[in-house]
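Listing of target_10.cif, mmCIF, C-alpha atoms
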```cif
data_input
#
loop_
_atom_site.label_atom_id
_atom_site.label_comp_id
_atom_site.auth_asym_id
_atom_site.auth_seq_id
_atom_site.Cartn_x
_atom_site.Cartn_y
_atom_site.Cartn_z
CA MET A 128 9.53 -35.26 4.38
CA SER A 129 10.53 -33.12 1.46
CA HIS A 130 12.52 -30.71 3.59
CA GLU A 131 16.05 -31.53 4.46
CA HIS A 132 16.79 -30.18 7.91
CA VAL A 133 20.00 -28.40 7.10
CA SER A 134 20.52 -24.74 7.71
CA ASN A 135 19.71 -22.40 4.82
CA THR A 136 21.03 -19.24 6.44
CA LYS A 137 23.38 -18.42 3.60
CA ARG A 138 20.66 -18.51 1.00
CA ILE A 139 18.36 -16.44 3.22
CA TRP A 140 20.90 -13.63 3.51
CA PHE A 141 21.59 -13.83 -0.20
CA VAL A 142 17.90 -13.38 -0.99
CA PHE A 143 17.69 -10.52 1.49
CA ALA A 144 20.58 -8.75 -0.24
CA LEU A 145 18.95 -9.34 -3.61
CA LEU A 146 15.58 -7.96 -2.50
CA SER A 147 17.26 -4.92 -0.93
CA VAL A 148 19.22 -4.15 -4.07
CA VAL A 149 16.13 -4.46 -6.25
CA THR A 150 14.12 -2.20 -3.91
CA THR A 151 16.92 0.37 -3.94
CA VAL A 152 16.99 0.35 -7.72
CA GLU A 153 13.22 0.82 -7.79
CA VAL A 154 13.38 3.74 -5.38
CA ILE A 155 16.19 5.44 -7.31
CA LEU A 156 14.30 5.06 -10.58
CA GLY A 157 11.13 6.26 -8.84
CA ILE A 158 12.81 9.41 -7.60
CA TYR A 159 14.75 10.37 -10.73
CA LYS A 160 12.32 9.02 -13.33
CA PRO A 161 14.68 9.13 -16.34
CA ALA A 162 12.84 10.81 -19.21
CA SER A 163 14.23 8.31 -21.71
CA LEU A 164 12.41 5.54 -19.85
CA GLU A 165 9.32 7.45 -18.85
CA PHE A 166 8.36 8.79 -22.27
CA ASN A 167 9.11 5.77 -24.42
CA HIS A 168 6.30 3.30 -24.69
CA PHE A 169 6.25 -0.39 -25.40
CA ILE A 170 2.84 -2.06 -25.89
CA GLY A 171 0.87 0.69 -24.20
CA LEU A 172 3.08 0.95 -21.13
CA ASN A 173 6.09 3.17 -20.66
CA LEU A 174 9.48 1.54 -20.16
CA LEU A 175 9.81 2.77 -16.59
CA ASN A 176 6.58 1.04 -15.57
CA TRP A 177 7.67 -2.10 -17.41
CA ILE A 178 10.82 -2.10 -15.29
CA PHE A 179 8.81 -1.55 -12.10
CA TYR A 180 6.44 -4.41 -12.87
CA ILE A 181 9.19 -6.80 -13.90
CA LEU A 182 11.19 -6.04 -10.75
CA THR A 183 8.03 -6.51 -8.67
CA ILE A 184 7.41 -9.95 -10.16
CA PHE A 185 11.08 -10.74 -9.63
CA LYS A 186 10.83 -9.84 -5.94
CA ALA A 187 7.57 -11.75 -5.59
CA TYR A 188 9.22 -14.83 -7.10
CA TYR A 189 12.03 -14.74 -4.56
CA ILE A 190 9.72 -14.13 -1.61
CA VAL A 191 7.52 -17.08 -2.55
CA TRP A 192 10.28 -19.41 -3.67
CA ALA A 193 12.91 -18.73 -1.01
CA PHE A 194 11.06 -17.33 2.00
CA MET A 195 7.84 -19.28 1.68
CA HIS A 196 9.98 -22.25 0.71
CA MET A 197 8.05 -23.03 -2.44
CA GLU A 198 11.21 -24.46 -3.98
CA GLY A 199 11.09 -27.28 -1.44
CA GLU A 200 7.48 -28.22 -2.18
CA LYS A 201 6.28 -30.75 -4.72
CA SER A 202 5.64 -29.39 -8.19
CA SER A 203 1.97 -30.36 -7.89
CA LEU A 204 1.58 -27.99 -4.94
CA ARG A 205 3.57 -25.30 -6.71
CA TRP A 206 1.34 -25.40 -9.76
CA SER A 207 -1.89 -25.58 -7.77
CA VAL A 208 -0.98 -22.41 -5.92
CA VAL A 209 0.64 -20.38 -8.67
CA SER A 210 -1.39 -21.13 -11.79
CA PRO A 211 -4.88 -20.19 -10.52
CA VAL A 212 -3.57 -16.91 -9.15
CA ILE A 213 -1.71 -15.99 -12.34
CA PHE A 214 -4.54 -16.82 -14.71
CA LEU A 215 -7.30 -15.25 -12.62
CA VAL A 216 -5.28 -12.10 -12.03
CA LEU A 217 -4.40 -11.70 -15.71
CA TYR A 218 -8.04 -12.19 -16.64
CA LEU A 219 -9.23 -9.69 -14.01
CA LEU A 220 -6.67 -7.09 -15.05
CA PHE A 221 -7.56 -7.52 -18.70
CA ILE A 222 -11.28 -7.02 -18.07
CA LEU A 223 -11.04 -4.14 -15.61
CA LEU A 224 -8.33 -2.16 -17.35
CA THR A 225 -10.03 -2.49 -20.74
CA GLU A 226 -13.30 -1.29 -19.25
CA GLY A 227 -11.62 1.51 -17.34
CA HIS A 228 -10.02 2.71 -20.54
CA TYR A 229 -13.35 2.51 -22.35
CA ILE A 230 -15.09 4.64 -19.69
CA TYR A 231 -12.25 7.15 -19.92
CA GLY A 232 -12.97 7.43 -23.64
CA VAL A 233 -16.70 7.89 -23.04
CA PHE A 234 -16.13 10.78 -20.63
CA LYS A 235 -13.48 12.35 -22.79
CA ASP A 236 -15.61 12.49 -25.93
CA SER A 237 -18.90 13.47 -24.34
CA THR A 238 -20.16 16.53 -22.57
CA ILE A 239 -20.96 14.60 -19.42
CA LYS A 240 -18.90 15.65 -16.46
CA TRP A 241 -19.08 13.00 -13.85
CA ASN A 242 -16.55 12.81 -11.10
CA PHE A 243 -17.25 9.97 -8.72
CA MET B 225 -3.75 -28.08 30.42
CA GLU B 226 -3.34 -31.54 28.99
CA ALA B 227 -6.05 -30.76 26.49
CA THR B 228 -4.35 -27.72 25.01
CA VAL B 229 -0.66 -28.48 25.25
CA THR B 230 0.01 -31.41 23.02
CA THR B 231 2.55 -33.77 24.44
CA ALA B 232 1.52 -37.21 23.36
CA ASN B 233 0.27 -36.48 19.87
CA ASN B 234 3.12 -36.10 17.39
CA ASP B 235 0.92 -36.58 14.35
CA GLU B 236 0.68 -32.88 13.60
CA LYS B 237 1.69 -33.37 10.02
CA THR B 238 -0.62 -36.21 9.05
CA TRP B 239 -4.06 -36.08 7.52
CA GLY B 240 -7.02 -38.25 8.60
CA GLY B 241 -6.45 -40.60 5.69
CA GLY B 242 -3.54 -42.48 7.12
CA GLU B 243 -0.05 -42.33 8.55
CA HIS B 244 1.93 -41.31 5.51
CA ILE B 245 -0.65 -40.02 3.08
CA GLN B 246 -0.15 -36.34 2.35
CA PRO B 247 -1.93 -34.83 -0.65
CA LEU B 248 0.54 -32.74 -2.70
CA GLY B 249 3.19 -33.64 -0.14
CA ALA B 250 1.97 -30.99 2.26
CA SER B 251 0.82 -31.43 5.82
CA TYR B 252 -2.78 -30.59 6.65
CA GLY B 253 -2.00 -27.30 8.39
CA LYS B 254 0.30 -26.03 5.66
CA MET B 255 -2.13 -26.96 2.94
CA MET B 256 -4.88 -25.01 4.69
CA MET B 257 -2.58 -22.03 5.01
CA TRP B 258 -1.90 -22.21 1.28
CA PHE B 259 -5.65 -22.32 0.61
CA PHE B 260 -6.06 -19.18 2.69
CA ILE B 261 -3.14 -17.44 1.02
CA VAL B 262 -4.41 -18.14 -2.50
CA SER B 263 -7.86 -16.79 -1.67
CA ASP B 264 -6.43 -13.76 0.11
CA ALA B 265 -4.09 -13.12 -2.82
CA LEU B 266 -7.11 -13.03 -5.10
CA THR B 267 -8.87 -10.60 -2.75
CA PHE B 268 -5.93 -8.23 -2.85
CA SER B 269 -5.66 -8.65 -6.62
CA GLY B 270 -9.31 -7.63 -6.86
CA PHE B 271 -8.62 -4.46 -4.88
CA LEU B 272 -5.54 -3.55 -6.86
CA ALA B 273 -7.28 -4.28 -10.16
CA ALA B 274 -10.17 -2.05 -9.03
CA TYR B 275 -7.62 0.65 -8.28
CA GLY B 276 -6.27 0.20 -11.80
CA PHE B 277 -9.79 0.43 -13.21
CA SER B 278 -10.46 3.75 -11.47
CA ARG B 279 -7.07 5.07 -12.38
CA PHE B 280 -7.56 4.23 -16.05
CA LYS B 281 -10.93 5.95 -15.89
CA PHE B 282 -9.28 9.17 -14.68
CA ILE B 283 -5.90 8.59 -16.27
CA GLU B 284 -5.45 12.26 -17.19
CA THR B 285 -6.22 13.67 -13.76
CA TRP B 286 -4.84 11.08 -11.32
CA PRO B 287 -2.67 12.54 -8.51
CA LEU B 288 1.10 12.10 -8.72
CA ALA B 289 2.30 9.89 -5.87
CA ASP B 290 5.61 11.70 -5.38
CA GLU B 291 3.72 14.92 -4.71
CA VAL B 292 1.49 13.27 -2.14
CA PHE B 293 3.87 11.23 -0.01
CA THR B 294 6.72 13.61 0.70
CA HIS B 295 7.20 13.42 4.45
CA PHE B 296 10.07 11.98 6.43
CA PRO B 297 10.27 11.97 10.24
CA PHE B 298 12.17 14.89 11.81
CA MET B 299 12.56 16.58 8.42
CA HIS B 300 10.00 19.34 8.37
CA GLY B 301 9.38 21.20 5.17
CA VAL B 302 11.77 18.98 3.25
CA SER B 303 10.22 17.28 0.28
CA ALA B 304 11.39 13.68 0.44
CA PRO B 305 9.28 11.61 -1.92
CA MET B 306 9.59 7.82 -1.65
CA TYR B 307 12.22 7.72 1.08
CA TYR B 308 9.89 6.94 3.93
CA VAL B 309 7.94 4.29 2.09
CA ALA B 310 11.22 2.77 0.94
CA LEU B 311 12.30 2.57 4.57
CA MET B 312 9.00 0.89 5.45
CA THR B 313 9.58 -1.62 2.66
CA PHE B 314 13.02 -2.43 4.01
CA ILE B 315 11.64 -2.90 7.51
CA LEU B 316 9.02 -5.33 6.23
CA ILE B 317 11.51 -7.26 4.10
CA PHE B 318 13.85 -7.48 7.05
CA SER B 319 11.12 -8.77 9.34
CA SER B 320 10.47 -11.39 6.67
CA VAL B 321 14.12 -12.37 6.86
CA THR B 322 14.04 -12.78 10.65
CA MET B 323 10.86 -14.83 10.25
CA VAL B 324 12.48 -17.20 7.78
CA LEU B 325 15.51 -17.43 10.09
CA ALA B 326 13.14 -18.44 12.90
CA VAL B 327 11.68 -21.16 10.69
CA ASP B 328 15.19 -22.27 9.82
CA ALA B 329 16.18 -22.46 13.50
CA GLY B 330 12.97 -24.38 14.14
CA HIS B 331 14.06 -27.08 11.72
CA GLN B 332 17.10 -27.61 13.95
CA LEU B 333 14.97 -27.50 17.12
CA LYS B 334 16.90 -24.55 18.53
CA LYS B 335 14.36 -23.04 20.87
CA THR B 336 16.26 -19.91 21.96
CA LYS B 337 17.14 -18.95 18.41
CA VAL B 338 13.55 -19.38 17.26
CA ALA B 339 12.37 -17.17 20.14
CA ILE B 340 14.89 -14.41 19.39
CA TYR B 341 14.06 -14.31 15.69
CA MET B 342 10.32 -14.39 16.39
CA PHE B 343 10.78 -11.48 18.76
CA LEU B 344 12.65 -9.46 16.12
CA THR B 345 9.91 -10.22 13.61
CA ILE B 346 7.29 -8.90 16.02
CA ILE B 347 9.28 -5.71 16.58
CA GLY B 348 9.60 -5.21 12.82
CA GLY B 349 5.86 -5.70 12.42
CA PHE B 350 5.10 -3.09 15.06
CA ILE B 351 7.47 -0.58 13.47
CA PHE B 352 5.80 -1.12 10.12
CA VAL B 353 2.27 -0.65 11.48
CA GLY B 354 3.44 2.45 13.35
CA SER B 355 5.00 3.86 10.19
CA GLN B 356 1.83 3.29 8.30
CA ALA B 357 -0.13 5.11 10.99
CA TRP B 358 2.27 8.04 10.66
CA GLU B 359 1.86 8.02 6.89
CA TRP B 360 -1.91 8.06 7.31
CA LYS B 361 -1.68 10.94 9.75
CA ASN B 362 0.23 13.07 7.22
CA PHE B 363 -2.12 12.07 4.44
CA ILE B 364 -5.21 12.95 6.47
CA LYS B 365 -3.78 16.21 7.75
CA GLY B 366 -2.67 17.42 4.33
CA GLU B 367 -0.15 20.10 3.62
CA TYR B 368 -1.29 22.85 1.27
CA GLY B 369 -5.07 22.70 1.06
CA ALA B 370 -7.06 23.12 -2.14
CA ILE B 371 -10.34 24.28 -3.60
CA GLU B 372 -13.04 22.06 -5.02
CA THR B 373 -15.23 23.50 -7.74
CA ALA B 374 -18.94 23.01 -8.25
CA GLY B 375 -18.10 20.48 -10.99
CA GLY B 376 -16.09 18.36 -8.56
CA SER B 377 -12.62 19.10 -9.88
CA LEU B 378 -9.77 20.25 -7.70
CA LEU B 379 -7.76 23.48 -7.86
CA GLN B 380 -4.39 23.86 -6.18
CA PHE B 381 -2.33 27.03 -5.78
CA VAL B 382 1.16 27.67 -7.08
CA ASP B 383 3.45 30.68 -7.34
CA LYS B 384 5.19 31.93 -10.48
CA ASP B 385 7.82 29.18 -10.34
CA GLY B 386 5.22 26.46 -10.08
CA LYS B 387 5.92 25.83 -6.41
CA ARG B 388 2.95 24.87 -4.27
CA VAL B 389 1.50 27.53 -1.97
CA ALA B 390 -0.51 26.68 1.12
CA LEU B 391 -3.88 28.31 1.76
CA ALA B 392 -2.56 29.66 5.05
CA ASP B 393 0.05 31.71 3.17
CA PHE B 394 -2.39 33.90 1.30
CA ALA B 395 -5.98 33.51 2.49
CA VAL B 396 -7.30 36.56 4.31
CA LYS B 397 -9.44 36.62 7.43
CA LEU B 398 -12.83 38.15 6.70
CA PRO B 399 -14.95 39.50 9.54
CA GLU B 400 -18.01 37.34 8.96
CA GLN B 401 -17.42 33.86 10.30
CA ARG B 402 -19.55 30.82 10.36
CA GLU B 403 -18.80 28.22 12.91
CA ALA B 404 -19.63 24.57 12.47
CA LEU B 405 -22.96 23.73 14.01
CA THR B 406 -22.41 21.17 16.72
CA ARG B 407 -24.84 19.34 18.94
CA SER B 408 -23.75 21.29 21.97
CA HIS B 409 -25.04 24.47 20.31
CA SER B 410 -28.24 23.10 18.86
CA THR B 411 -30.86 20.42 19.07
CA TRP B 412 -29.52 16.90 18.91
CA PHE B 413 -30.47 16.27 15.28
CA MET B 414 -28.90 19.49 13.97
CA GLU B 415 -25.28 19.09 13.17
CA ASP B 416 -22.97 19.92 10.29
CA ALA B 417 -21.95 16.85 8.37
CA GLU B 418 -18.41 18.07 7.95
CA THR B 419 -16.17 20.11 10.16
CA GLN B 420 -15.56 23.61 8.89
CA PRO B 421 -12.24 24.22 7.15
CA THR B 422 -9.93 26.92 8.49
CA TYR B 423 -10.86 29.29 5.68
CA THR B 424 -14.10 29.93 3.82
CA VAL B 425 -14.29 29.98 0.04
CA ALA B 426 -14.73 33.75 0.13
CA GLU B 427 -11.56 34.16 2.19
CA VAL B 428 -9.53 32.11 -0.25
CA GLN B 429 -10.96 34.04 -3.20
CA ALA B 430 -10.20 37.37 -1.55
CA GLY B 431 -6.68 36.24 -0.71
CA PHE B 432 -6.13 35.11 -4.28
CA LYS B 433 -7.25 38.51 -5.58
CA ALA B 434 -4.82 40.24 -3.21
CA HIS B 435 -1.88 38.12 -4.41
CA PRO B 436 -1.49 38.71 -8.18
CA GLU B 437 1.56 36.42 -8.35
CA LEU B 438 -0.50 33.32 -7.56
CA LEU B 439 -1.71 30.91 -10.20
CA ILE B 440 -3.97 27.88 -10.19
CA ARG B 441 -2.93 24.37 -10.99
CA THR B 442 -5.58 21.94 -12.22
CA GLU B 443 -5.62 18.17 -11.92
CA LYS B 444 -5.02 17.65 -15.61
CA LEU B 445 -1.68 16.08 -16.52
CA THR B 446 0.34 17.49 -19.39
CA GLU B 447 2.18 15.21 -21.79
CA HIS B 448 5.24 15.61 -19.56
CA LYS B 449 3.29 14.13 -16.64
CA LYS B 450 3.10 17.41 -14.78
CA LYS B 451 -0.03 19.18 -13.60
CA THR B 452 -1.35 21.98 -15.82
CA VAL B 453 -0.78 25.52 -14.54
CA LEU B 454 -3.33 28.05 -15.75
CA SER B 455 -2.74 31.69 -16.70
CA ARG B 456 -3.84 34.36 -14.24
CA GLU B 457 -7.07 35.14 -16.18
CA GLU B 458 -8.00 31.47 -16.47
CA SER B 459 -7.18 31.02 -12.80
CA GLU B 460 -9.63 33.75 -11.85
CA THR B 461 -12.47 32.29 -13.90
CA HIS B 462 -11.81 28.84 -12.45
CA LEU B 463 -11.71 30.12 -8.90
CA ALA B 464 -15.10 31.79 -9.38
CA ASN B 465 -16.60 28.28 -9.49
CA ALA B 466 -15.17 27.37 -6.10
CA LYS B 467 -17.51 25.42 -3.88
CA TYR B 468 -15.50 23.95 -1.00
CA VAL B 469 -12.23 24.50 0.76
CA VAL B 470 -10.50 21.13 1.08
CA GLU B 471 -7.85 20.53 3.72
CA GLY B 472 -6.26 17.12 4.03
CA ALA B 473 -8.05 13.95 3.07
CA ASN B 474 -11.06 11.93 4.08
CA LEU B 475 -13.33 9.48 2.30
CA THR B 476 -15.44 12.23 0.75
CA ARG B 477 -12.84 14.59 -0.66
CA ASN B 478 -9.10 15.17 -0.51
CA GLU B 479 -6.71 17.94 -1.40
CA TYR B 480 -4.54 15.73 -3.61
CA GLY B 481 -6.98 15.25 -6.46
CA SER B 482 -9.33 12.47 -7.49
CA LYS B 483 -11.61 11.46 -4.62
CA LEU B 484 -11.09 7.81 -5.49
CA PHE B 485 -7.37 8.12 -4.92
CA ALA B 486 -7.80 8.70 -1.19
CA ASP B 487 -10.55 6.08 -0.96
CA PHE B 488 -8.34 3.41 -2.49
CA PHE B 489 -5.34 4.52 -0.47
CA PHE B 490 -7.26 4.21 2.78
CA PHE B 491 -8.90 0.96 1.81
CA ILE B 492 -5.96 -0.95 0.37
CA THR B 493 -3.21 0.19 2.73
CA GLY B 494 -5.70 -0.10 5.57
CA PHE B 495 -6.57 -3.67 4.63
CA HIS B 496 -2.91 -4.50 4.30
CA GLY B 497 -2.12 -2.80 7.62
CA PHE B 498 -4.88 -4.87 9.20
CA HIS B 499 -3.16 -7.98 7.86
CA VAL B 500 0.16 -6.88 9.31
CA PHE B 501 -1.51 -6.18 12.63
CA SER B 502 -3.17 -9.61 12.77
CA GLY B 503 0.15 -11.12 11.72
CA VAL B 504 1.83 -9.45 14.67
CA ILE B 505 -0.85 -10.76 17.05
CA ILE B 506 -0.52 -14.30 15.69
CA ASN B 507 3.26 -14.03 15.90
CA ILE B 508 3.00 -12.98 19.55
CA ILE B 509 0.84 -16.01 20.35
CA ILE B 510 3.29 -18.36 18.64
CA PHE B 511 6.21 -16.55 20.28
CA PHE B 512 4.78 -17.32 23.73
CA ASN B 513 4.14 -20.91 22.70
CA VAL B 514 7.79 -21.16 21.73
CA LEU B 515 8.82 -19.74 25.11
CA LEU B 516 6.52 -22.18 26.91
CA GLY B 517 8.17 -25.02 25.07
CA THR B 518 5.02 -26.24 23.35
CA TYR B 519 6.83 -27.03 20.10
CA GLU B 520 9.85 -28.38 21.93
CA LYS B 521 7.56 -31.01 23.42
CA ARG B 522 6.08 -31.79 20.02
CA ARG B 523 9.59 -32.06 18.56
CA SER B 524 8.24 -29.99 15.67
CA TYR B 525 8.21 -26.28 14.96
CA GLU B 526 5.78 -26.56 12.09
CA MET B 527 3.48 -23.99 13.67
CA VAL B 528 6.25 -21.39 13.28
CA GLU B 529 6.49 -22.37 9.63
CA LYS B 530 2.75 -21.83 9.16
CA VAL B 531 2.67 -18.35 10.67
CA GLY B 532 5.83 -17.72 8.66
CA LEU B 533 3.89 -18.44 5.47
CA TYR B 534 1.28 -15.89 6.47
CA TRP B 535 3.90 -13.31 7.40
CA HIS B 536 5.74 -13.68 4.09
CA PHE B 537 2.45 -13.36 2.28
CA VAL B 538 1.86 -10.00 3.98
CA ASP B 539 5.31 -8.93 2.77
CA LEU B 540 4.46 -10.18 -0.71
CA VAL B 541 1.30 -8.08 -0.83
CA TRP B 542 3.26 -5.03 0.25
CA VAL B 543 5.66 -5.48 -2.65
CA PHE B 544 2.71 -5.08 -5.02
CA VAL B 545 1.04 -2.27 -3.07
CA PHE B 546 4.36 -0.42 -3.06
CA THR B 547 4.69 -0.69 -6.83
CA VAL B 548 1.11 0.19 -7.65
CA PHE B 549 0.67 3.09 -5.22
CA TYR B 550 4.07 4.69 -5.05
CA LEU B 551 6.07 3.80 -8.13
CA VAL B 552 3.85 3.47 -11.18
#
```
Representation of the structure as structure tokens:
Amino acid sequence: MSHEHVSNTKRIWFVFALLSVVTTVEVILGIYKPASLEFNHFIGLNLLNWIFYILTIFKAYYIVWAFMHMEGEKSSLRWSVVSPVIFLVLYLLFILLTEGHYIYGVFKDSTIKWNF
Amino acid sequence: MEATVTTANNDEKTWGGGEHIQPLGASYGKMMMWFFIVSDALTFSGFLAAYGFSRFKFIETWPLADEVFTHFPFMHGVSAPMYYVALMTFILIFSSVTMVLAVDAGHQLKKTKVAIYMFLTIIGGFIFVGSQAWEWKNFIKGEYGAIETAGGSLLQFVDKDGKRVALADFAVKLPEQREALTRSHSTWFMEDAETQPTYTVAEVQAGFKAHPELLIRTEKLTEHKKKTVLSREESETHLANAKYVVEGANLTRNEYGSKLFADFFFFITGFHGFHVFSGVIINIIIFFNVLLGTYEKRRSYEMVEKVGLYWHFVDLVWVFVFTVFYLV
């Protein structure tokens, strides 16, 4: 078996502390919304949202790697789980957000009022 | 019972292909759980991407989350954005920790420890589902009420300082009333599709006229990410187009803004809550199996590991839902 049967309690509590700190930071930023972050954009997204997304991915990484014990699995399993999700999600987001933005433009520049 | 409680068969981890052959180094059960998780992750991604699509479509009028979710238990009238949902997030993360501790204890075949941690996980799951129900209740009930115009846009009321004003604070009671038509008062096929709001459009309009300090706030976001407040004259012309009084939220309309916002909120958090609920049920089943000593007899707590995978996945989804719905 790939899993050694020793106790990992220390690492578990470490990851818990990490996730808690990151969540706290997110909540504080979400409540105060510093204007310097919120109104400065980088590639179409404001800095505050960049931080939120990066911290989210960071938390997701630790949940999957530590809690779901992905770090103990073979790399073939790791890649078969992670790569399809990442590529399909990026593709889906690209298509849907581009189209959503396009429709926004159509409504904005036309006289059609269509709220659905 | 021999048929259900496995005592003789210790080959839980092997595939049909042979003693030691395990594709990708994973046992059959775990591999199937991973298959499920990947497909479920894509389902949730589809929902969240659809939310993004609709939000991009109405990017200038989308409701602001910190104005919608402002309740905290036992704190009436206090605007506490984010705090409650942050608490829910902590509860779910913590239940994930107890779950992984149960898995860890399972590796060392410590039955009592596994049972205790499983129990804590179940409690955490119930608290989370309960919190979500409470959040839904507040969302459905609403706080201030609003007006929907004939064109489908939403008007909210504010005072001179831009503070929200509830309909109940200014609407007048007019003598003519129309009650909702219910089956008990009519033939069986005659019934109003919606329940009647507390005030009619005419009552809100009359109340607005009587309170010259009130202004109307539209859905449109300014460049400072605040809702636009109209002048008194503009407010009056906008209010003349009023069609419905909206109180709270349902799938048709909601007092917070874009109709799609409430639809996605109900659908995505509802689907996630359903996952948490099924997770709790599965955890309870496994918890009793632990108590009965099923896995002790197998000398393997892999089943706990498998439900653990599912439980962590539910936590993982929440991390994304939290970001997309409450933060961004």
Chain A near chain B within 8 Å: what's each residue's closest atom pair and its distance in Å to one decimal, counting only C-alpha atoms, ordered by chain then ascending residue number, as a Markdown table?
```
| residue | atom | partner | partner_atom | distance |
| --- | --- | --- | --- | --- |
| A:Met128 | CA | B:Gly249 | CA | 8.0 |
| A:Ser129 | CA | B:Gly249 | CA | 7.5 |
| A:His132 | CA | B:His331 | CA | 5.6 |
| A:Val133 | CA | B:Gln332 | CA | 7.5 |
| A:Ser134 | CA | B:Asp328 | CA | 6.2 |
| A:Asn135 | CA | B:Asp328 | CA | 6.7 |
| A:Thr136 | CA | B:Leu325 | CA | 6.9 |
| A:Ile139 | CA | B:Val321 | CA | 6.9 |
| A:Trp140 | CA | B:Val321 | CA | 7.7 |
| A:Phe143 | CA | B:Val321 | CA | 6.7 |
| A:Leu146 | CA | B:Ile317 | CA | 7.8 |
| A:Ser147 | CA | B:Phe314 | CA | 7.0 |
| A:Thr150 | CA | B:Ala310 | CA | 7.5 |
| A:Thr151 | CA | B:Ala310 | CA | 7.9 |
| A:Glu153 | CA | B:Leu551 | CA | 7.8 |
| A:Val154 | CA | B:Met306 | CA | 6.7 |
| A:Gly157 | CA | B:Leu551 | CA | 5.7 |
| A:Ile158 | CA | B:Met306 | CA | 6.9 |
| A:Phe166 | CA | B:His448 | CA | 8.0 |
| A:Asn176 | CA | B:Val552 | CA | 5.7 |
| A:Phe179 | CA | B:Thr547 | CA | 6.7 |
| A:Tyr180 | CA | B:Thr547 | CA | 7.3 |
| A:Thr183 | CA | B:Val543 | CA | 6.6 |
| A:Lys186 | CA | B:Val543 | CA | 7.5 |
| A:Ala187 | CA | B:Leu540 | CA | 6.0 |
| A:Ile190 | CA | B:Leu540 | CA | 6.6 |
| A:Val191 | CA | B:His536 | CA | 7.7 |
| A:Phe194 | CA | B:Val324 | CA | 6.0 |
| A:Met195 | CA | B:Leu533 | CA | 5.5 |
| A:Glu200 | CA | B:Gly249 | CA | 7.2 |
| A:Lys201 | CA | B:Gly249 | CA | 6.2 |
| A:Ser203 | CA | B:Leu248 | CA | 5.9 |
| A:Leu204 | CA | B:Leu248 | CA | 5.4 |
| A:Val208 | CA | B:Val262 | CA | 6.5 |
| A:Val212 | CA | B:Leu266 | CA | 6.6 |
| A:Leu215 | CA | B:Leu266 | CA | 7.8 |
| A:Val216 | CA | B:Ser269 | CA | 6.4 |
| A:Leu219 | CA | B:Ala273 | CA | 6.9 |
| A:Leu220 | CA | B:Ala273 | CA | 5.7 |
| A:Leu223 | CA | B:Phe277 | CA | 5.3 |
| A:Leu224 | CA | B:Phe277 | CA | 5.1 |
| A:Glu226 | CA | B:Phe277 | CA | 7.2 |
| A:Gly227 | CA | B:Phe277 | CA | 4.6 |
| A:His228 | CA | B:Phe280 | CA | 5.3 |
| A:Tyr229 | CA | B:Lys281 | CA | 7.7 |
| A:Ile230 | CA | B:Lys281 | CA | 5.8 |
| A:Tyr231 | CA | B:Lys281 | CA | 4.4 |
| A:Lys240 | CA | B:Gly375 | CA | 7.3 |
| A:Asn242 | CA | B:Gly376 | CA | 6.1 |
| A:Phe243 | CA | B:Lys483 | CA | 7.1 |
```
Checklist entry - When distances are computed from only C-alpha atoms, which of A:Ile155, A:Val149, A:Ala162, A:Val142 shows the smallest separation from Ile184 of chain A? => result A:Val149
Checklist entry - Expressed in Å to a single decimal, how great is the separation between atom CA of Gly472 of chain B and atom CA of Gly369 of chain B? => result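 Atom CA of Gly472 of chain B sits 6.4 Å away from atom CA of Gly369 of chain B.
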Next on the checklist: What would the selection look like, as JSON, numbers by chain, if the PyMOL selection byres ((chain B and resi 431) around 10) were run on the coordinates I just shared?
Outcome noted: {"B": [391, 392, 393, 394, 395, 396, 397, 398, 425, 426, 427, 428, 429, 430, 432, 433, 434, 435, 436, 438]}
Next on the checklist: For a test of reading the model, state the distance in Å between atom CA of Val292 of chain B and atom CA of His168 of chain A, rounded to one decimal.
Outcome noted: 25.1 Å
